[in-house]
file final16.csv (CSV, C-alpha atoms)
chain,number,residue,atom,x,y,z
S,268,MET,CA,-206.7,-81.4,-121.9
S,269,SER,CA,-204.4,-84.1,-120.6
S,270,LYS,CA,-200.8,-83.5,-120.0
S,271,PHE,CA,-198.3,-85.4,-122.1
S,272,GLY,CA,-195.4,-87.4,-120.8
S,273,LEU,CA,-192.5,-89.3,-122.3
S,274,TYR,CA,-189.7,-91.5,-121.2
S,275,GLY,CA,-187.3,-91.2,-124.1
S,276,LYS,CA,-184.5,-93.7,-124.3
S,277,ILE,CA,-181.5,-92.7,-126.4
S,278,THR,CA,-178.7,-95.1,-127.0
S,279,ALA,CA,-175.4,-93.4,-127.7
S,280,ARG,CA,-172.8,-94.7,-130.1
S,281,SER,CA,-170.1,-96.5,-128.1
S,282,GLY,CA,-168.2,-94.0,-125.9
S,283,GLN,CA,-170.4,-91.1,-126.8
S,284,ARG,CA,-172.8,-91.1,-123.8
S,285,ASP,CA,-171.2,-88.2,-121.9
S,286,ALA,CA,-171.1,-86.1,-125.1
S,287,LEU,CA,-174.8,-86.9,-125.6
S,288,VAL,CA,-175.7,-86.0,-122.0
S,289,ALA,CA,-174.0,-82.6,-122.4
S,290,VAL,CA,-176.2,-81.8,-125.5
S,291,LEU,CA,-179.3,-83.0,-123.6
S,292,LEU,CA,-178.4,-80.8,-120.6
S,293,GLU,CA,-178.2,-77.9,-123.0
S,294,ALA,CA,-181.7,-78.8,-124.1
S,295,ALA,CA,-182.8,-79.0,-120.5
S,296,ALA,CA,-181.4,-75.5,-119.8
S,297,MET,CA,-183.4,-74.1,-122.8
S,298,MET,CA,-186.5,-75.7,-121.4
S,299,GLN,CA,-186.3,-73.4,-118.3
S,300,PHE,CA,-187.7,-70.7,-120.7
S,301,VAL,CA,-190.5,-72.9,-122.1
S,302,PRO,CA,-193.2,-72.6,-119.4
S,303,ARG,CA,-195.4,-75.4,-120.8
S,304,CYS,CA,-192.5,-77.8,-120.6
S,305,GLU,CA,-193.1,-78.9,-117.0
S,306,LEU,CA,-190.3,-81.4,-116.6
S,307,TYR,CA,-187.2,-82.3,-118.6
S,308,ILE,CA,-184.8,-84.5,-116.7
S,309,VAL,CA,-181.7,-86.1,-118.1
S,310,ASN,CA,-180.8,-89.5,-116.6
S,311,ASN,CA,-178.1,-92.2,-117.3
S,312,SER,CA,-179.4,-95.7,-117.4
S,313,ALA,CA,-178.3,-97.6,-114.3
S,314,THR,CA,-177.9,-100.8,-116.2
S,315,GLU,CA,-177.0,-100.0,-119.9
S,316,PRO,CA,-173.7,-98.1,-120.2
S,317,ASP,CA,-174.6,-96.4,-123.5
S,318,ALA,CA,-178.2,-95.5,-122.7
S,319,VAL,CA,-179.7,-92.2,-121.5
S,320,TRP,CA,-183.3,-91.7,-120.5
S,321,VAL,CA,-185.1,-88.3,-120.7
S,322,THR,CA,-188.1,-87.8,-118.5
S,323,GLU,CA,-190.4,-85.2,-120.1
S,324,VAL,CA,-193.8,-83.7,-119.0
S,325,TRP,CA,-195.6,-81.2,-121.2
S,326,SER,CA,-198.8,-79.3,-120.4
S,327,SER,CA,-200.4,-80.9,-123.5
S,328,PRO,CA,-199.4,-83.1,-126.5
S,329,ALA,CA,-199.5,-80.0,-128.7
S,330,ASP,CA,-196.9,-78.2,-126.6
S,331,HIS,CA,-194.6,-81.1,-127.1
S,332,GLU,CA,-195.2,-81.1,-130.9
S,333,ALA,CA,-194.6,-77.3,-131.0
S,334,SER,CA,-191.3,-77.6,-129.2
S,335,LEU,CA,-189.9,-79.9,-131.9
S,336,LEU,CA,-190.4,-77.1,-134.5
S,337,ARG,CA,-188.4,-74.5,-132.6
S,338,ASP,CA,-185.1,-73.5,-134.3
S,339,GLU,CA,-183.2,-74.0,-131.0
S,340,THR,CA,-184.5,-77.6,-130.8
S,341,LYS,CA,-183.6,-78.4,-134.4
S,342,THR,CA,-180.1,-77.1,-133.8
S,343,LEU,CA,-179.7,-79.3,-130.8
S,344,ILE,CA,-181.1,-82.4,-132.6
S,345,GLU,CA,-178.6,-81.8,-135.4
S,346,ARG,CA,-175.8,-81.7,-132.9
S,347,GLY,CA,-177.0,-84.8,-131.1
S,348,MET,CA,-177.7,-87.0,-134.1
S,349,PRO,CA,-174.1,-88.0,-134.9
S,350,LEU,CA,-173.8,-89.3,-131.3
S,351,ILE,CA,-176.9,-91.5,-131.4
S,352,ALA,CA,-177.2,-95.2,-132.3
S,353,GLY,CA,-180.9,-95.7,-131.6
S,354,GLY,CA,-183.8,-95.1,-129.3
S,355,GLU,CA,-187.2,-96.0,-128.1
S,356,ARG,CA,-190.0,-94.1,-126.3
S,357,ILE,CA,-192.7,-94.9,-123.7
S,358,GLU,CA,-195.7,-92.5,-123.8
S,359,ILE,CA,-197.5,-91.7,-120.7
S,360,VAL,CA,-200.4,-89.5,-119.4
S,361,PRO,CA,-199.3,-87.8,-116.2
S,362,ILE,CA,-202.1,-87.8,-113.6
S,363,GLY,CA,-200.7,-86.3,-110.4
S,364,GLY,CA,-198.2,-86.6,-107.6
S,365,LYS,CA,-195.2,-84.9,-106.1
S,366,GLY,CA,-193.0,-82.7,-108.3
S,367,LEU,CA,-195.3,-81.6,-111.1
S,368,PRO,CA,-194.9,-77.9,-111.2
S,369,THR,CA,-198.6,-77.5,-111.9
S,370,ASP,CA,-200.4,-80.0,-109.8
S,371,TYR,CA,-204.1,-80.4,-110.4
S,372,ARG,CA,-204.6,-82.8,-107.5
I,255,MET,CA,-173.8,-89.5,-103.7
I,256,SER,CA,-175.8,-90.0,-106.8
I,257,LYS,CA,-179.5,-89.6,-106.9
I,258,PHE,CA,-181.7,-92.6,-107.5
I,259,GLY,CA,-184.4,-92.8,-110.1
I,260,LEU,CA,-187.0,-95.3,-111.1
I,261,TYR,CA,-189.6,-95.8,-113.8
I,262,GLY,CA,-191.8,-98.4,-112.2
I,263,LYS,CA,-194.4,-100.1,-114.4
I,264,ILE,CA,-197.3,-101.7,-112.6
I,265,THR,CA,-199.9,-103.7,-114.6
I,266,ALA,CA,-203.3,-103.8,-112.9
I,267,ARG,CA,-205.6,-106.7,-113.0
I,268,SER,CA,-208.2,-106.2,-115.7
I,269,GLY,CA,-210.5,-103.3,-114.9
I,270,GLN,CA,-208.5,-102.3,-111.7
I,271,ARG,CA,-206.3,-99.5,-113.1
I,272,ASP,CA,-208.4,-96.7,-111.7
I,273,ALA,CA,-208.4,-98.3,-108.2
I,274,LEU,CA,-204.6,-98.8,-108.4
I,275,VAL,CA,-204.1,-95.2,-109.5
I,276,ALA,CA,-206.1,-94.0,-106.4
I,277,VAL,CA,-203.8,-96.0,-104.1
I,278,LEU,CA,-200.7,-94.6,-105.8
I,279,LEU,CA,-202.0,-91.0,-105.6
I,280,GLU,CA,-202.3,-91.6,-101.8
I,281,ALA,CA,-198.7,-92.7,-101.8
I,282,ALA,CA,-197.8,-89.6,-103.7
I,283,ALA,CA,-199.6,-87.4,-101.2
I,284,MET,CA,-197.7,-89.1,-98.4
I,285,MET,CA,-194.4,-88.3,-100.3
I,286,GLN,CA,-195.1,-84.6,-99.8
I,287,PHE,CA,-193.9,-85.1,-96.3
I,288,VAL,CA,-190.7,-87.1,-97.3
I,289,PRO,CA,-188.2,-84.4,-98.2
I,290,ARG,CA,-185.7,-86.8,-99.8
I,291,CYS,CA,-188.3,-88.1,-102.2
I,292,GLU,CA,-187.8,-85.4,-104.9
I,293,LEU,CA,-190.4,-86.7,-107.4
I,294,TYR,CA,-193.2,-89.2,-107.3
I,295,ILE,CA,-195.5,-88.8,-110.3
I,296,VAL,CA,-198.3,-91.3,-111.2
I,297,ASN,CA,-199.0,-91.7,-114.9
I,298,ASN,CA,-201.3,-93.9,-117.0
I,299,SER,CA,-199.7,-95.7,-119.9
I,300,ALA,CA,-200.8,-94.0,-123.2
I,301,THR,CA,-200.7,-97.4,-125.0
I,302,GLU,CA,-201.5,-100.2,-122.5
I,303,PRO,CA,-204.9,-99.9,-120.9
I,304,ASP,CA,-204.0,-101.8,-117.7
I,305,ALA,CA,-200.6,-100.2,-117.1
I,306,VAL,CA,-199.5,-97.4,-114.8
I,307,TRP,CA,-196.0,-95.9,-114.6
I,308,VAL,CA,-194.6,-94.2,-111.5
I,309,THR,CA,-191.7,-91.7,-112.1
I,310,GLU,CA,-189.6,-91.6,-108.9
I,311,VAL,CA,-186.5,-89.6,-108.0
I,312,TRP,CA,-184.9,-90.0,-104.6
I,313,SER,CA,-181.9,-88.1,-103.1
I,314,SER,CA,-180.0,-91.4,-102.8
I,315,PRO,CA,-180.6,-95.1,-103.2
I,316,ALA,CA,-180.6,-95.4,-99.4
I,317,ASP,CA,-183.5,-93.0,-99.2
I,318,HIS,CA,-185.6,-95.1,-101.5
I,319,GLU,CA,-184.7,-98.3,-99.6
I,320,ALA,CA,-185.7,-96.6,-96.3
I,321,SER,CA,-189.1,-95.5,-97.6
I,322,LEU,CA,-190.0,-99.1,-98.3
I,323,LEU,CA,-189.6,-99.9,-94.6
I,324,ARG,CA,-192.1,-97.2,-93.4
I,325,ASP,CA,-195.3,-98.5,-91.9
I,326,GLU,CA,-197.4,-96.2,-94.1
I,327,THR,CA,-195.6,-97.6,-97.2
I,328,LYS,CA,-196.2,-101.2,-96.1
I,329,THR,CA,-199.9,-100.4,-95.6
I,330,LEU,CA,-200.3,-99.0,-99.0
I,331,ILE,CA,-198.4,-101.9,-100.6
I,332,GLU,CA,-200.8,-104.3,-98.9
I,333,ARG,CA,-203.8,-102.4,-100.2
I,334,GLY,CA,-202.4,-102.2,-103.7
I,335,MET,CA,-201.2,-105.8,-104.0
I,336,PRO,CA,-204.7,-107.4,-104.8
I,337,LEU,CA,-205.1,-104.9,-107.7
I,338,ILE,CA,-201.7,-105.8,-109.3
I,339,ALA,CA,-201.0,-108.5,-112.0
I,340,GLY,CA,-197.3,-107.7,-112.6
I,341,GLY,CA,-194.6,-105.1,-113.1
I,342,GLU,CA,-191.2,-104.2,-114.2
I,343,ARG,CA,-188.7,-101.4,-113.4
I,344,ILE,CA,-186.2,-99.3,-115.2
I,345,GLU,CA,-183.5,-97.9,-112.9
I,346,ILE,CA,-181.9,-94.6,-113.8
I,347,VAL,CA,-179.4,-92.1,-112.4
I,348,PRO,CA,-180.8,-88.6,-112.6
I,349,ILE,CA,-178.1,-86.1,-113.7
I,350,GLY,CA,-179.9,-82.7,-114.1
I,351,GLY,CA,-182.6,-80.8,-115.9
I,352,LYS,CA,-185.8,-78.9,-115.4
I,353,GLY,CA,-188.0,-79.9,-112.6
I,354,LEU,CA,-185.7,-81.6,-110.1
I,355,PRO,CA,-186.5,-79.8,-106.8
I,356,THR,CA,-182.8,-79.8,-105.9
I,357,ASP,CA,-180.9,-79.1,-109.1
I,358,TYR,CA,-177.2,-79.4,-109.0
I,359,ARG,CA,-176.6,-78.0,-112.5

call {"tool": "encode", "arguments": {"input": "final16.csv", "output": "structure tokens"}}
result
Amino acid sequence: MSKFGLYGKITARSGQRDALVAVLLEAAAMMQFVPRCELYIVNNSATEPDAVWVTEVWSSPADHEASLLRDETKTLIERGMPLIAGGERIEIVPIGGKGLPTDYR
Amino acid sequence: MSKFGLYGKITARSGQRDALVAVLLEAAAMMQFVPRCELYIVNNSATEPDAVWVTEVWSSPADHEASLLRDETKTLIERGMPLIAGGERIEIVPIGGKGLPTDYR
């Protein structure tokens, strides 16, 4: 089974990026207790003042899907939604490298 | 000093993605010995059959710049170049989360 990776771009409503980042860092803290979430890093865009990118790696696509159904996740999504103007996602299949907690190569 | 992050998209010449991935995994193996390279993960695009994405996190922008001047890096870039049709990059500023080897939050 392949891992599942995601670069998720979230564009905050004007002036709301810091508030959005705070919610996403709470999500990241929650992920410390989700072993099959291997990576969840919150980043500001270096070029777009309202944009945030989240780097995610999951042990499988099903693990990512399951996380969206957790009550804690739904609560955080509800809190984040009023801060969000839009988004896009880039889906990737992690192969190997430095920094994957479980490195098959 | 902020960390420096990069999503680097590399589009291989037709049919050359696996060969390109092999070179990038060699680069990733080299990064195990570069302590201020915190993350270097090689991923296939899930949607574009010739595209590879590399997720990089460096302790600072200067550490990334310095890595490009290493002889080992130049040798790998020379080997990769004939396999490459194009590319683009998304620059990010990592803030925190799960999976950063040095986590300030």

call {"tool": "interface_residues", "arguments": {"input": "final16.csv", "of": "chain S", "to": "chain I", "cutoff": "9 Å", "atoms": "all atoms listed in the file", "output": "JSON, numbers by chain"}}
result
{"S": [272, 274, 288, 291, 292, 293, 294, 295, 296, 298, 299, 304, 305, 306, 307, 308, 309, 310, 311, 312, 313, 314, 319, 320, 322, 357, 358, 359, 360, 361, 362, 363, 364, 365, 366, 367, 368, 372]}

call {"tool": "residues_around", "arguments": {"input": "final16.csv", "residues": "Ala266 of chain I", "least_positions_apart": "4", "cutoff": "6 Å", "atoms": "all atoms listed in the file", "output": "list in words"}}
result
Gln270, Arg271, Asp304, Leu337, Ile338 and Ala339 of chain I

call {"tool": "write_last_selection", "arguments": {"input": "final16.csv", "atoms": "C-alpha atoms", "output": "compact mmCIF listing (two decimals), in the coordinates of the input"}}
result
# COMPACT_ATOMS: atom_id res chain seq x y z
CA GLN I 270 -208.50 -102.30 -111.70
CA ARG I 271 -206.30 -99.50 -113.10
CA ASP I 304 -204.00 -101.80 -117.70
CA LEU I 337 -205.10 -104.90 -107.70
CA ILE I 338 -201.70 -105.80 -109.30
CA ALA I 339 -201.00 -108.50 -112.00

call {"tool": "calpha_fit_and_write", "arguments": {"input": "final16.csv", "fixed": "chain S", "moving": "chain I", "output": "CSV table (one decimal) with C-alpha atoms, in the coordinates of the input"}}
result
chain,number,residue,atom,x,y,z
I,255,MET,CA,-206.7,-81.4,-121.9
I,256,SER,CA,-204.5,-84.1,-120.6
I,257,LYS,CA,-200.8,-83.6,-120.0
I,258,PHE,CA,-198.3,-85.4,-122.1
I,259,GLY,CA,-195.4,-87.4,-120.8
I,260,LEU,CA,-192.5,-89.3,-122.3
I,261,TYR,CA,-189.7,-91.6,-121.2
I,262,GLY,CA,-187.4,-91.3,-124.1
I,263,LYS,CA,-184.5,-93.7,-124.3
I,264,ILE,CA,-181.6,-92.7,-126.4
I,265,THR,CA,-178.6,-95.1,-127.0
I,266,ALA,CA,-175.4,-93.4,-127.7
I,267,ARG,CA,-172.8,-94.7,-130.0
I,268,SER,CA,-170.1,-96.5,-128.1
I,269,GLY,CA,-168.1,-94.1,-125.9
I,270,GLN,CA,-170.4,-91.1,-126.7
I,271,ARG,CA,-172.8,-91.1,-123.8
I,272,ASP,CA,-171.1,-88.3,-121.9
I,273,ALA,CA,-171.1,-86.1,-125.1
I,274,LEU,CA,-174.9,-86.9,-125.6
I,275,VAL,CA,-175.7,-86.1,-122.0
I,276,ALA,CA,-174.0,-82.6,-122.4
I,277,VAL,CA,-176.2,-81.9,-125.5
I,278,LEU,CA,-179.3,-82.9,-123.6
I,279,LEU,CA,-178.4,-80.8,-120.5
I,280,GLU,CA,-178.3,-77.8,-122.9
I,281,ALA,CA,-181.7,-78.8,-124.1
I,282,ALA,CA,-182.8,-78.9,-120.5
I,283,ALA,CA,-181.4,-75.5,-119.8
I,284,MET,CA,-183.3,-74.1,-122.8
I,285,MET,CA,-186.5,-75.7,-121.3
I,286,GLN,CA,-186.3,-73.3,-118.4
I,287,PHE,CA,-187.6,-70.7,-120.7
I,288,VAL,CA,-190.5,-72.9,-122.1
I,289,PRO,CA,-193.2,-72.6,-119.4
I,290,ARG,CA,-195.4,-75.4,-120.8
I,291,CYS,CA,-192.5,-77.9,-120.6
I,292,GLU,CA,-193.1,-78.9,-116.9
I,293,LEU,CA,-190.3,-81.4,-116.6
I,294,TYR,CA,-187.2,-82.3,-118.6
I,295,ILE,CA,-184.8,-84.4,-116.6
I,296,VAL,CA,-181.7,-86.2,-118.2
I,297,ASN,CA,-180.8,-89.5,-116.6
I,298,ASN,CA,-178.1,-92.1,-117.3
I,299,SER,CA,-179.4,-95.7,-117.4
I,300,ALA,CA,-178.3,-97.6,-114.2
I,301,THR,CA,-177.9,-100.8,-116.2
I,302,GLU,CA,-177.0,-100.0,-119.9
I,303,PRO,CA,-173.7,-98.1,-120.2
I,304,ASP,CA,-174.6,-96.4,-123.5
I,305,ALA,CA,-178.2,-95.5,-122.7
I,306,VAL,CA,-179.7,-92.2,-121.5
I,307,TRP,CA,-183.3,-91.6,-120.5
I,308,VAL,CA,-185.1,-88.3,-120.7
I,309,THR,CA,-188.2,-87.8,-118.4
I,310,GLU,CA,-190.5,-85.2,-120.1
I,311,VAL,CA,-193.8,-83.8,-119.0
I,312,TRP,CA,-195.6,-81.2,-121.2
I,313,SER,CA,-198.8,-79.3,-120.5
I,314,SER,CA,-200.4,-80.9,-123.6
I,315,PRO,CA,-199.4,-83.0,-126.5
I,316,ALA,CA,-199.6,-79.9,-128.7
I,317,ASP,CA,-196.9,-78.2,-126.6
I,318,HIS,CA,-194.5,-81.1,-127.1
I,319,GLU,CA,-195.2,-81.1,-130.9
I,320,ALA,CA,-194.6,-77.3,-131.0
I,321,SER,CA,-191.2,-77.5,-129.2
I,322,LEU,CA,-189.9,-79.9,-131.9
I,323,LEU,CA,-190.4,-77.1,-134.5
I,324,ARG,CA,-188.3,-74.5,-132.6
I,325,ASP,CA,-185.1,-73.5,-134.3
I,326,GLU,CA,-183.1,-74.0,-131.1
I,327,THR,CA,-184.6,-77.6,-130.8
I,328,LYS,CA,-183.7,-78.4,-134.5
I,329,THR,CA,-180.1,-77.2,-133.8
I,330,LEU,CA,-179.7,-79.3,-130.8
I,331,ILE,CA,-181.1,-82.4,-132.6
I,332,GLU,CA,-178.6,-81.9,-135.4
I,333,ARG,CA,-175.8,-81.7,-132.9
I,334,GLY,CA,-177.0,-84.8,-131.1
I,335,MET,CA,-177.8,-86.9,-134.1
I,336,PRO,CA,-174.1,-88.1,-134.9
I,337,LEU,CA,-173.8,-89.3,-131.2
I,338,ILE,CA,-177.0,-91.5,-131.4
I,339,ALA,CA,-177.2,-95.2,-132.4
I,340,GLY,CA,-180.9,-95.7,-131.6
I,341,GLY,CA,-183.9,-95.1,-129.3
I,342,GLU,CA,-187.3,-95.9,-128.1
I,343,ARG,CA,-190.1,-94.1,-126.3
I,344,ILE,CA,-192.7,-94.9,-123.7
I,345,GLU,CA,-195.6,-92.5,-123.8
I,346,ILE,CA,-197.5,-91.8,-120.6
I,347,VAL,CA,-200.3,-89.6,-119.4
I,348,PRO,CA,-199.3,-87.8,-116.2
I,349,ILE,CA,-202.2,-87.8,-113.6
I,350,GLY,CA,-200.7,-86.3,-110.4
I,351,GLY,CA,-198.1,-86.6,-107.7
I,352,LYS,CA,-195.2,-84.9,-106.1
I,353,GLY,CA,-193.0,-82.7,-108.3
I,354,LEU,CA,-195.3,-81.7,-111.1
I,355,PRO,CA,-194.9,-77.8,-111.2
I,356,THR,CA,-198.6,-77.5,-111.9
I,357,ASP,CA,-200.4,-80.1,-109.8
I,358,TYR,CA,-204.0,-80.5,-110.3
I,359,ARG,CA,-204.6,-82.9,-107.4

call {"tool": "atom_distance", "arguments": {"input": "final16.csv", "atom1": "atom CA of Ser334 of chain S", "atom2": "atom CA of Gly354 of chain S"}}
result
19.0 Å

call {"tool": "atom_distance", "arguments": {"input": "final16.csv", "atom1": "atom CA of Thr329 of chain I", "atom2": "atom CA of Ile264 of chain I"}}
result
17.2 Å

call {"tool": "atom_distance", "arguments": {"input": "final16.csv", "atom1": "atom CA of Val288 of chain I", "atom2": "atom CA of Glu342 of chain I"}}
result
24.0 Å

call {"tool": "residues_around", "arguments": {"input": "final16.csv", "residues": "Met255 of chain I", "least_positions_apart": "4", "cutoff": "9 Å", "atoms": "only C-alpha atoms", "output": "PyMOL selection string"}}
result
chain I and resi 313-315

call {"tool": "closest_residue", "arguments": {"input": "final16.csv", "among": "I:Ser256, I:Lys328, I:Arg343, I:Arg333", "to": "Ala316 of chain I", "atoms": "all atoms listed in the file"}}
result
I:Ser256
